[in-house]
Every structure is written in structure tokens, then in C-alpha cells.
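Chemist: Here it is, the structure, as C-alpha cells.
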Amino acid sequence: MIEGRLYQAGASNFVPARLLISGSDFQLYTEGHFVIGGSCEELHTSHRLGNIARKITLQYGSVFETKDNNAIDKLLKPKSHASRVMAFVDTLEKNLSLVILSTFIVAGAVFISFKWGLPTISHAIAEALPNSVNQSLSSHALQFLDKSILEPSKLSKLKQQDIRQNFDHNIAPLYQANDTPKFTLHFRHWPSGRKNSIANALALPDGNIIVTDRLVELAQNNNEINIVLLHEMGHIVERHTLKKVIEGGIITVASVLIFGDMSSISDLGVGVGSLLISNAYSREYESQADQFAYQLALKANIPPSSLGDILTRMENDTHDDVNQTNKNTITKKALDILSTHPNREQRTIMGKHYQDCFDKSITQCPLAQN
Amino acid sequence: MTPIKFNGSGLEYFKIWIVNILLTIVTLGLYRPWAKVRTLRYFYGNTELDNSNFEYHATGKQLFFSFIIAVALLVAYLVIGQLSPILGLILPIALLIALPWIIWRSMKFNLNMSSYRNVRFGFNGELSGSYIALLAYPIGLLAVGIAALYFVSQISIWLALVLSLIAYPAYFAMISKVTNSYVVNGSHFGQGQFSTNLEFKPFFMIILKAAGLAFLFLLIVLIIAFSIILSSANSGGLRSFFQALASFGQSINTASLIFGMIIFMYGIFILTGLYIFSYVKAHQRMYLLSKTTLNKSITFESTLTTNKYFSVMLTNLLLLVCTLGLGYPWAAVRLYRCSIESINVQAEEGFNNFISKQTGEEGPLGEELGDAFNADIGSLAF
């Protein structure tokens with residue numbers, strides 16, 4: 001005997017009712033009077049969810065509603081495939097140890113997919129796409145940069161020609177592959193509010209590499225410029241921009257799918273989280289580009305330590321007021337998480353590894369996995 | 001007056017939530033519609049008024065097809081936006097034009113899938129009304145405002161500045177009034193129509209006061225910051241203050257000083273923003289519910305206060321941060337409870353004489369698109 005209420009189809013008034021189930025038949029009583037009866041096959045029972053009221057829809061749209069969930073589950077076995085699946089979901093939800101296990105599985109799955117899954121997938125997609133897609137990412141990008149932040153170079157024509165010829169003849173040919181865009185070197189002045197302009201190098205997916213005047217000024221020899229150019233070539237060859245775009249898209253879609261119902265409260269958290277994640281990937285890409293540069297530097301007889309030298313000088317040039325040696329460790333770690341570049345120690349270790357190979361005149365220098 | 005009650009609990013919702021996420025991951029996202037249905041059924045089913053609960057009727061199967069279309073469109077939107085700069089500019093505009101339709105369809109579907117005491121809610125507002133409230137008004141007002149400011153600035157820059165200080169709250173007040181009127185007047189419960197007669201002035205006063213509060217807060221913060229700078233300038237400079245504040249150790253440098261400063265300012269802005277948001281929310285809702293009737297006889301009242309809403313939002317934020325998001329179900333239940341339990345309903349004649357109205361069955365496409373593109377009516381007071 002299940003106590004509940006009986007509603008007429010689509011109406012809001014109800015009468016107290018009792019549902020009696022015997023075998024595969026049911027009988028419904030209101031105020032002691034028999035109302036309707038029949039086979040349980042005709043009843044449509046809503047899926048169980050926590051302890052919210054259950055609803056049994058009768059043949060003509062009348063509804064019997066009850067909070068006696070346990071009696072319903074005991075007496076009315078789920079009929080369809082779908083209801084059995086939902087009954088299984090309900091047992092999952094009720095079982096505390098399964099819930100705790102799920103929590104760990106979810107946390108683990110999220111961690112694994114960010115750490116390995118997403119980079120692997122975006123790598124696979126990026127490599128599978130034709131080069132035209134990759135290049136279309138940067139169509140008009142150079143014109144845009146020229147109109148917005150960059151100015152024509154103030155370097156002498158002679159100096160530009162010297163670097164460009166060296167690049168075209170000795171550096172760009174170091175990497176040969178069918179689908180690689182043609183590498184083209186551009187010199188630009190990147191003004192900043194301070195005394196010195198900005199020292200930087202940029203790589204666009206279509207093969208354009210931009211070097212700023214200040215970087216050329218800071219370089220003490222051509223090796224330093226060349227190894228920076230190799231680093232930028234690494235970004236292009238490994239399709240890092242395309243991979244970043246794919247990762248951003250996947251993160252957006254996945255967060256809609258998984259955390260869709262959280263969006264209203266935690267947009268903030270998701271925003272900060274994806275910033276940190278994308279920065280972590282950026283650091284990974286910088287390391288990859290470093291590695292690419294080091295390997296080709298060994299072939300071209302450029303000392304790998306040149307990269308570290310010029311990067312240190314660039315860093316000091318932008319933060320010349322920061323006292324690096326006294327840097328506090330907590331702040332450093334915090335800044336490290338926010339940074340898009342690998343910290344100097346990690347870079348130095350890799351640089352040293354390749355420098356050792358260079359000193360021993362070994363051109364193949366595999367990096368030990370750590 | 002009968003209060004609405006919520007019988008759910010954070011732990012119970014946590015179990016549903018984590019199983020939802022697990023199954024969504026295992027099925028590579030395909031379980032999402034069923035997850036959504038379970039969540040909504042849980043919240044509706046545990047919401048109780050006068051010993052009867054609300055109910056959500058959509059099924060995962062019903063949502064699935066539209067869900068797939070919505071996700072496919074979201075992916076296409078992201079991909080095309082990246083690959084073509086021109087389409088990248090056109091697509092957001094296209095989305096903006098589609099938005100009133102998406103929201104209209106979404107409201108129709110959602111209300112139609114909701115019931116109380118076996119009687120369905122519904123939405124019978126016109127599509128044109130959605131375009132007027134959500135597109136024509138915001139763009140029209142913006143255009144008029146900018147034009148007016150332009151002409152005034154020809155006469156006097158200061159007058160234009162004062163005018164823009166009033167125009168900004170007036171704009172938001174007008175949008176709130178128009179969207180809330182449209183939504184409430186378009187909703188019905190069975191044959192009973194919701195109706196409200198909202199005026200511009202109360203909305204304007206609320207937002208004006210909120211703006212004043214925000215201004216006051218930031219002024220106080222600035223004064224405090226300045227006096228600290230001044231006092232620490234006397235006793236060894238700004239650095240020593242932040243050194244003491246963050247207790248970072250003997251040596252502190254510019255980078256960490258800036259870092260501490262950013263965190264500090266970020267915190268202040270979040271607190272101010274939350275408080276202002278709570279103020280607007282609580283007051284708009286109080287006004288809106290007091291002016292709303294159902295079937296000309298049932299009335300409502302809101303007991304939500306700024307401080308209560310603010311404290312729930314703030315503790316929720318801390319909860320989410322401290323649990324790295326795992327505390328979300330508790331946060332969601334607390335916010336929902338605080339929000340729904342502050343609604344009182346006065347129904348002298350009870351709810352006995354309502355009958356579901358036959359309405360056209362609107363598909364869930366709008367609802368799913370709204371989910372995927374994160375579209376909802378932000379300024380809504382409910």
C-alpha cells in the first residue's frame with residue numbers, strides 16, 4: 001500500500017489516494033473507494049532521484065504522486081532499458097564509497113587530460129591539418145602588427161643585410177621538410193615608454209619572423225641572433241600557434257560540457273584556471289622551441305650557451321631594476337606560475353646539457369627524460 | 001504569506017554532481033543532457049510550496065539532439081572565428097542578432113517543462129517583444145545616449161561628464177525594467193497569467209544608490225591606501241608596509257611589491273563588486289516581486305536582504321577557492337536556498353483551480369544553444 005495524491009490530467013487540485021500493487025496488477029483507491037485498476041505495464045513511473053516526489057502517470061494522463069520512494073522501487077521494477085540505466089545511476093549516487101571513488105577518478109581524469117591528454121590531442125590535430133590552415137592563422141597578422149605596435153627598423157641597411165644573408169644561407173636551410181613555410185626575416189622597431197625599446201622576436205605561423213632592433217643591439221655576436229632565430233623557427237615548425245588555438249577551443253568546449261552548470265557562479269575561477277593552464281602550455285612550448293634551437297645549433301656549430309646569454313641580457317634589459325639575486329622564493333614561485341616562459345634555472349639546465357655536447361663536438365645530443 | 005522551502009542538501013547534490021561529471025567524462029560529453037536533467041529535477045523537486053513540490057519534465061533523450069547541434073555550432077563558431085578574421089568579426093554580430101531568439105525559445109521550453117501541482121508553466125510572450133527588449137532597446141538607448149552626449153560635449157565638457165554619470169545608471173535601469181516586464185508578463189501558470197506593472201523610477205533609484213555605494217567604497221579604499229602610504233613614508237617607506245603585510249622576509253623587490261599590490265586591489269574589487277551586485281539583486285527583486293501578481297489574486301514578496309545575499313556569495317567564493325571547485329555543490333545549494341527561501345507567496349484562494357494550458361511544444365534547441373553559448377538574461381531580478 002503506497003500513500004499519495006491523485007491529480008486529474010493537467011489539473012492542480014488533488015485527492016489523497018492509495019496505490020495497491022499485487023503481482024503485475026495495480027488498484028487505485030481514493031477515500032476508500034476504488035477508482036481505477038489495471039496492469040502495471042500501463043504505468044509510467046518517473047526515475048528515482050534523491051528523495052524527490054515520484055510521479056506515476058496513468059493511462060489517461062492522471063498522475064499519482066508519492067514520496068514513498070522505497071515502496072515504489074520495491075514494487076515496480078523498471079521496465080524499459082532507459083529506466084534500468086537511470087536506476088543504475090541512482091545506485092551510483094547513493095553509494096558513498098562509489099561517490100568518493102568517483103571524486104578521485106574525476107580529479108585524476110581532469111589532471112591527466114590537462115597534463116597529457118590535451119597536448120596529445122592538440123598535437124595530433126595540429127599535425128593532421130594541412131599547412132594552409134596553419135598559415136591562414138596569421139594572414140594579415142604582420143600588417144596588423146605594423147599598423148598597431150611596430151615601427152620600421154632603424155638599423156642600418158648594411159647590418160640588416162648581413163643578418164638576413166646569414167639567415168637565408170646558413171640558418172633557414174638547417175631545417176628541411178616538405179610542408180614547412182618559407183622563413184622570411186623582418187626587422188622592426190618596437191617602441192616602449194622607457195629609455196630602451198623592447199627586445200623581442202616573434203614567429204608567425206606563415207614563416208615570417210620578426211626581430212626587433214633592441215634585440216640586435218643587445219646581441220654581442222651573430223651566433224646569439226642566429227640561435228634566437230632558430231628558437232623562433234622551432235615555434236613555426238612545431239605549429240605552436242595552431243596548437244594553442246586548438247587547446248583554447250577544446251578547453252572552452254570541455255568546460256561547457258563538464259562544468260556547464262557551474263558557469264554562473266564560477267566564471268571567475270574558470271577564467272583564472274584556463275589562464276594558468278594556457279601559461280603552463282606556453283612554457284612547454286618555449287622549452288620545445290629551445291630544444292629545437294639547440295639541436296640545430298649543434299649542426300651549425302653555434303655554441304648553445306649563446307641562447308642563455310642573449311635571453312639573460314634580454315631579461316635584464318626589461319627588468320633592469322629587479323634585483324634578481326635577492327629574489328624571494330615564494331614570490332618567485334608565484335610569478336613563475338603566471339609566467340609564460342620557463343624559469344631561468346630550467347632553461348639553464350637544458351642549455352648546459354647541450355653546451356656539454358658542443359664542447360665534446362657531439363652533434364646528436366638526446367635530452368634525458370626527467 | 002507562505003514561504004517557499006528547499007529540501008535539498010549539499011551532500012546529496014554533491015553525489016549527483018560528481019556522478020554526473022564522471023558519466024560525462026566517461027561518455028566523452030554525451031551524457032551531458034541527462035546530467036542537466038538530473039540537476040534540474042533535483043532542484044525543482046526539492047523546492048516546496050504549501051506541501052507540494054515543483055517539477056522539471058524534460059528528458060535527456062529530448063534534449064540530446066539539440067545538444068549535439070548546439071555543441072557542433074559552438075565548435076564551428078570557435079574554428080571559423082580563428083581561421084577567418086572577417087568572419088571572426090561577423091560571427092559575434094550574428095550571435096547577437098540570434099540571441100533574442102535563443103532566449104525566447106529557451107524561456108518557452110524551460111517554463112513549459114516546469115510544473116507545480118501537476119500544472120505546467122508556460123511563456124506566451126511574442127518573439128518581437130524579445131527583439132524589442134533585448135536588442136532594440138539596448139542598441140537604441142545606447143545610440144541616443146551617445147548622440148546626446150556628443151551634442152552636449154560641444155557645449156560643455158563638464159556638463160557632458162555629469163550627464164554621462166546619470167545616463168549610465170539610467171541606461172541599466174531602463175534595460176532592467178524592460179526585460180523584467182517582458183519576462184514576467186509573458187509567463188503563465190496554467191490558465192493564470194503572471195502580470196506586473198513596473199516603473200522606471202524605482203529601478204533607477206536602486207542603480208543610482210548602487211553606483212553611489214560603489215563610489216563611496218572606492219573612495220574609502222583610496223583614503224585608507226593613501227593614509228597608509230603617507231604613514232609608512234614616515235616610517236621607512238611603502239616597501240616596509242608591504243613587507244610587513246605579506247611578511248615575505250628580509251628582502252622584497254619591485255616584482256613582489258607589484259604582485260602583492262595586484263592581489264590586494266583584486267580582492268578589493270571583488271568585494272566591492274559582490275556587494276554592489278547583492279545590493280542591486282536584493283532590491284530589484286524586492287520591488288519586482290511586490291509588483292507581480294499571478295491570476296490577479298496571488299501575490300509575492302521577497303525577504304532577501306543585501307547582507308544575506310552578500311554573505312552567502314562571499315562564503316561561497318571562499319568555499320570554491322579553498323576546495324578548488326569541489327565545494328561547488330554546497331555553494332550552489334546555499335545560493336539557491338538563500339535565493340528561493342526568501343520568496344513568500346500569498347494565495348488566499350489556494351492553488352486548486354489551475355489547469356494546464358495547451359501550448360505549442362517548443363523544442364529544446366534554443367535552450368541548448370543558450371547553454372552552449374552561455375546566453376542568459378543577466379539583469380533579470382529573479
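In the C-alpha cells, each chain is lettered A, B, ... as it comes, each chain's residues begin at 1, and ligands are numbered from 1 in order of appearance.
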Quick check: residues of chain B within 8 Å of chain A, only C-alpha atoms, returned as a VMD selection string.

Modeler: chain B and resid 12 15 to 16 18 to 19 21 to 22 24 to 25 29 32 36 38 41 to 42 45 to 46 53 71 74 to 75 78 to 79 82 to 84 116 to 120 248 to 249 251 to 256 259 321 328 332 351 to 356 371 to 372 374

Chemist: Would you export the selected residues with N, CA and C atoms as a compact mmCIF listing (two decimals), in the first residue's frame, please?

Modeler:
```
# COMPACT_ATOMS: atom_id res chain seq x y z
N GLU B 12 23.85 15.63 -0.69
CA GLU B 12 23.05 14.88 -1.66
C GLU B 12 23.31 15.37 -3.08
N LYS B 15 26.70 14.21 -4.49
CA LYS B 15 26.70 12.86 -5.06
C LYS B 15 26.17 12.87 -6.49
N ILE B 16 25.08 13.61 -6.69
CA ILE B 16 24.50 13.69 -8.04
C ILE B 16 25.48 14.37 -8.99
N ILE B 18 28.84 14.77 -8.78
CA ILE B 18 30.10 14.07 -9.10
C ILE B 18 29.82 12.89 -10.02
N VAL B 19 28.70 12.21 -9.82
CA VAL B 19 28.34 11.11 -10.72
C VAL B 19 28.05 11.67 -12.12
N ILE B 21 29.43 14.33 -13.47
CA ILE B 21 30.70 14.66 -14.12
C ILE B 21 31.41 13.39 -14.56
N LEU B 22 31.40 12.39 -13.68
CA LEU B 22 32.06 11.13 -14.02
C LEU B 22 31.47 10.54 -15.30
N THR B 24 29.76 12.07 -17.56
CA THR B 24 30.00 12.96 -18.70
C THR B 24 31.40 12.71 -19.27
N ILE B 25 32.38 12.52 -18.38
CA ILE B 25 33.74 12.27 -18.85
C ILE B 25 33.82 10.91 -19.54
N GLY B 29 31.30 13.40 -22.98
CA GLY B 29 30.40 14.55 -23.07
C GLY B 29 28.97 14.21 -23.43
N ARG B 32 25.89 14.60 -21.00
CA ARG B 32 25.58 15.96 -20.53
C ARG B 32 24.07 16.28 -20.44
N LYS B 36 22.15 17.28 -16.99
CA LYS B 36 21.43 18.53 -16.80
C LYS B 36 20.03 18.26 -16.26
N ARG B 38 18.99 15.69 -14.52
CA ARG B 38 19.02 15.24 -13.13
C ARG B 38 19.24 16.42 -12.19
N ARG B 41 15.98 18.47 -12.14
CA ARG B 41 14.93 17.73 -11.42
C ARG B 41 15.18 17.77 -9.93
N TYR B 42 16.47 17.67 -9.56
CA TYR B 42 16.80 17.68 -8.13
C TYR B 42 16.41 19.01 -7.49
N GLY B 45 12.48 19.51 -7.80
CA GLY B 45 11.75 18.54 -7.00
C GLY B 45 11.86 18.79 -5.51
N ASN B 46 12.94 19.42 -5.09
CA ASN B 46 13.11 19.71 -3.68
C ASN B 46 12.59 21.09 -3.28
N ASN B 53 5.52 20.05 -4.36
CA ASN B 53 6.82 20.42 -4.93
C ASN B 53 6.71 20.82 -6.40
N VAL B 71 26.44 22.03 -29.64
CA VAL B 71 27.89 21.84 -29.48
C VAL B 71 28.58 21.96 -30.83
N LEU B 74 28.87 25.53 -31.62
CA LEU B 74 29.90 26.18 -30.80
C LEU B 74 31.28 25.90 -31.36
N VAL B 75 31.52 24.63 -31.74
CA VAL B 75 32.82 24.26 -32.31
C VAL B 75 33.05 25.04 -33.61
N LEU B 78 33.94 28.63 -32.90
CA LEU B 78 35.32 28.81 -32.44
C LEU B 78 36.31 28.64 -33.58
N VAL B 79 36.10 27.62 -34.42
CA VAL B 79 37.04 27.33 -35.50
C VAL B 79 37.02 28.44 -36.54
N GLN B 82 38.63 31.70 -35.64
CA GLN B 82 40.08 31.71 -35.64
C GLN B 82 40.65 31.75 -37.05
N LEU B 83 39.98 31.08 -37.98
CA LEU B 83 40.56 30.90 -39.30
C LEU B 83 40.34 32.10 -40.21
N SER B 84 39.22 32.79 -40.06
CA SER B 84 38.96 33.91 -40.95
C SER B 84 38.71 35.17 -40.14
N TYR B 116 4.02 22.84 -11.25
CA TYR B 116 3.75 22.84 -9.81
C TYR B 116 2.37 22.26 -9.66
N ARG B 117 2.23 21.30 -8.79
CA ARG B 117 0.95 20.63 -8.59
C ARG B 117 0.30 20.20 -9.90
N ASN B 118 1.13 19.52 -10.72
CA ASN B 118 0.61 18.90 -11.94
C ASN B 118 0.19 19.90 -13.01
N VAL B 119 0.44 21.20 -12.77
CA VAL B 119 0.06 22.19 -13.77
C VAL B 119 1.33 22.84 -14.33
N ARG B 120 1.38 22.91 -15.66
CA ARG B 120 2.58 23.41 -16.31
C ARG B 120 2.64 24.93 -16.34
N PHE B 248 57.01 38.63 3.83
CA PHE B 248 57.73 37.84 2.86
C PHE B 248 59.18 37.56 3.27
N GLY B 249 59.69 38.27 4.24
CA GLY B 249 61.08 38.02 4.62
C GLY B 249 61.89 39.29 4.59
N SER B 251 64.17 40.54 2.34
CA SER B 251 64.32 41.37 1.15
C SER B 251 63.09 41.26 0.27
N ILE B 252 62.65 42.38 -0.17
CA ILE B 252 61.48 42.37 -1.04
C ILE B 252 61.81 43.24 -2.24
N ASN B 253 61.35 42.82 -3.38
CA ASN B 253 61.72 43.60 -4.56
C ASN B 253 60.49 44.15 -5.27
N THR B 254 60.73 44.87 -6.32
CA THR B 254 59.64 45.55 -7.02
C THR B 254 58.62 44.57 -7.55
N ALA B 255 59.10 43.42 -8.08
CA ALA B 255 58.18 42.46 -8.67
C ALA B 255 57.17 41.96 -7.65
N SER B 256 57.67 41.59 -6.46
CA SER B 256 56.75 41.05 -5.46
C SER B 256 55.88 42.16 -4.87
N PHE B 259 53.20 42.47 -7.30
CA PHE B 259 52.39 41.26 -7.19
C PHE B 259 51.41 41.37 -6.01
N VAL B 321 37.15 28.51 -3.68
CA VAL B 321 38.60 28.68 -3.79
C VAL B 321 39.32 27.65 -2.91
N TYR B 328 31.64 23.08 -4.99
CA TYR B 328 30.61 23.71 -5.80
C TYR B 328 29.18 23.29 -5.41
N ALA B 332 26.30 25.86 -4.55
CA ALA B 332 25.09 26.01 -5.39
C ALA B 332 23.84 25.86 -4.54
N PHE B 351 -4.31 27.00 -4.58
CA PHE B 351 -3.89 26.69 -5.94
C PHE B 351 -4.79 25.64 -6.58
N ASN B 352 -6.04 25.56 -6.10
CA ASN B 352 -6.86 24.43 -6.52
C ASN B 352 -7.45 24.53 -7.92
N ASN B 353 -7.56 25.73 -8.45
CA ASN B 353 -8.34 25.85 -9.68
C ASN B 353 -7.51 26.16 -10.92
N PHE B 354 -6.29 25.63 -10.94
CA PHE B 354 -5.47 25.86 -12.14
C PHE B 354 -5.51 24.62 -13.03
N ILE B 355 -5.49 24.88 -14.32
CA ILE B 355 -5.50 23.78 -15.30
C ILE B 355 -4.42 24.06 -16.34
N SER B 356 -3.65 23.04 -16.70
CA SER B 356 -2.61 23.22 -17.72
C SER B 356 -3.21 23.72 -19.01
N ASP B 371 22.72 27.41 -23.48
CA ASP B 371 23.69 26.75 -22.61
C ASP B 371 25.09 26.80 -23.20
N ALA B 372 25.17 26.41 -24.49
CA ALA B 372 26.48 26.28 -25.13
C ALA B 372 27.16 27.65 -25.24
N ASN B 374 26.47 30.24 -23.47
CA ASN B 374 26.42 30.93 -22.19
C ASN B 374 25.54 32.18 -22.25
```

Chemist: Where does DSSP see alpha helix (DSSP H) in segment 165-352 of chain B, if you list the residues as a VMD selection string?

Modeler: chain B and resid 165 to 186 200 to 234 238 to 246 254 to 290 306 to 322 328 to 340

Chemist: Which residue is closest to Gly308 of chain A? Choose from A:Lys115, A:Arg164, A:His231, A:His240 and count only C-alpha atoms.

Modeler: A:His231

Chemist: Can you work out the spacing between atom CA of Tyr275 of chain B and atom CA of Ser311 of chain B in Å, to one decimal?

Modeler: 8.9 Å
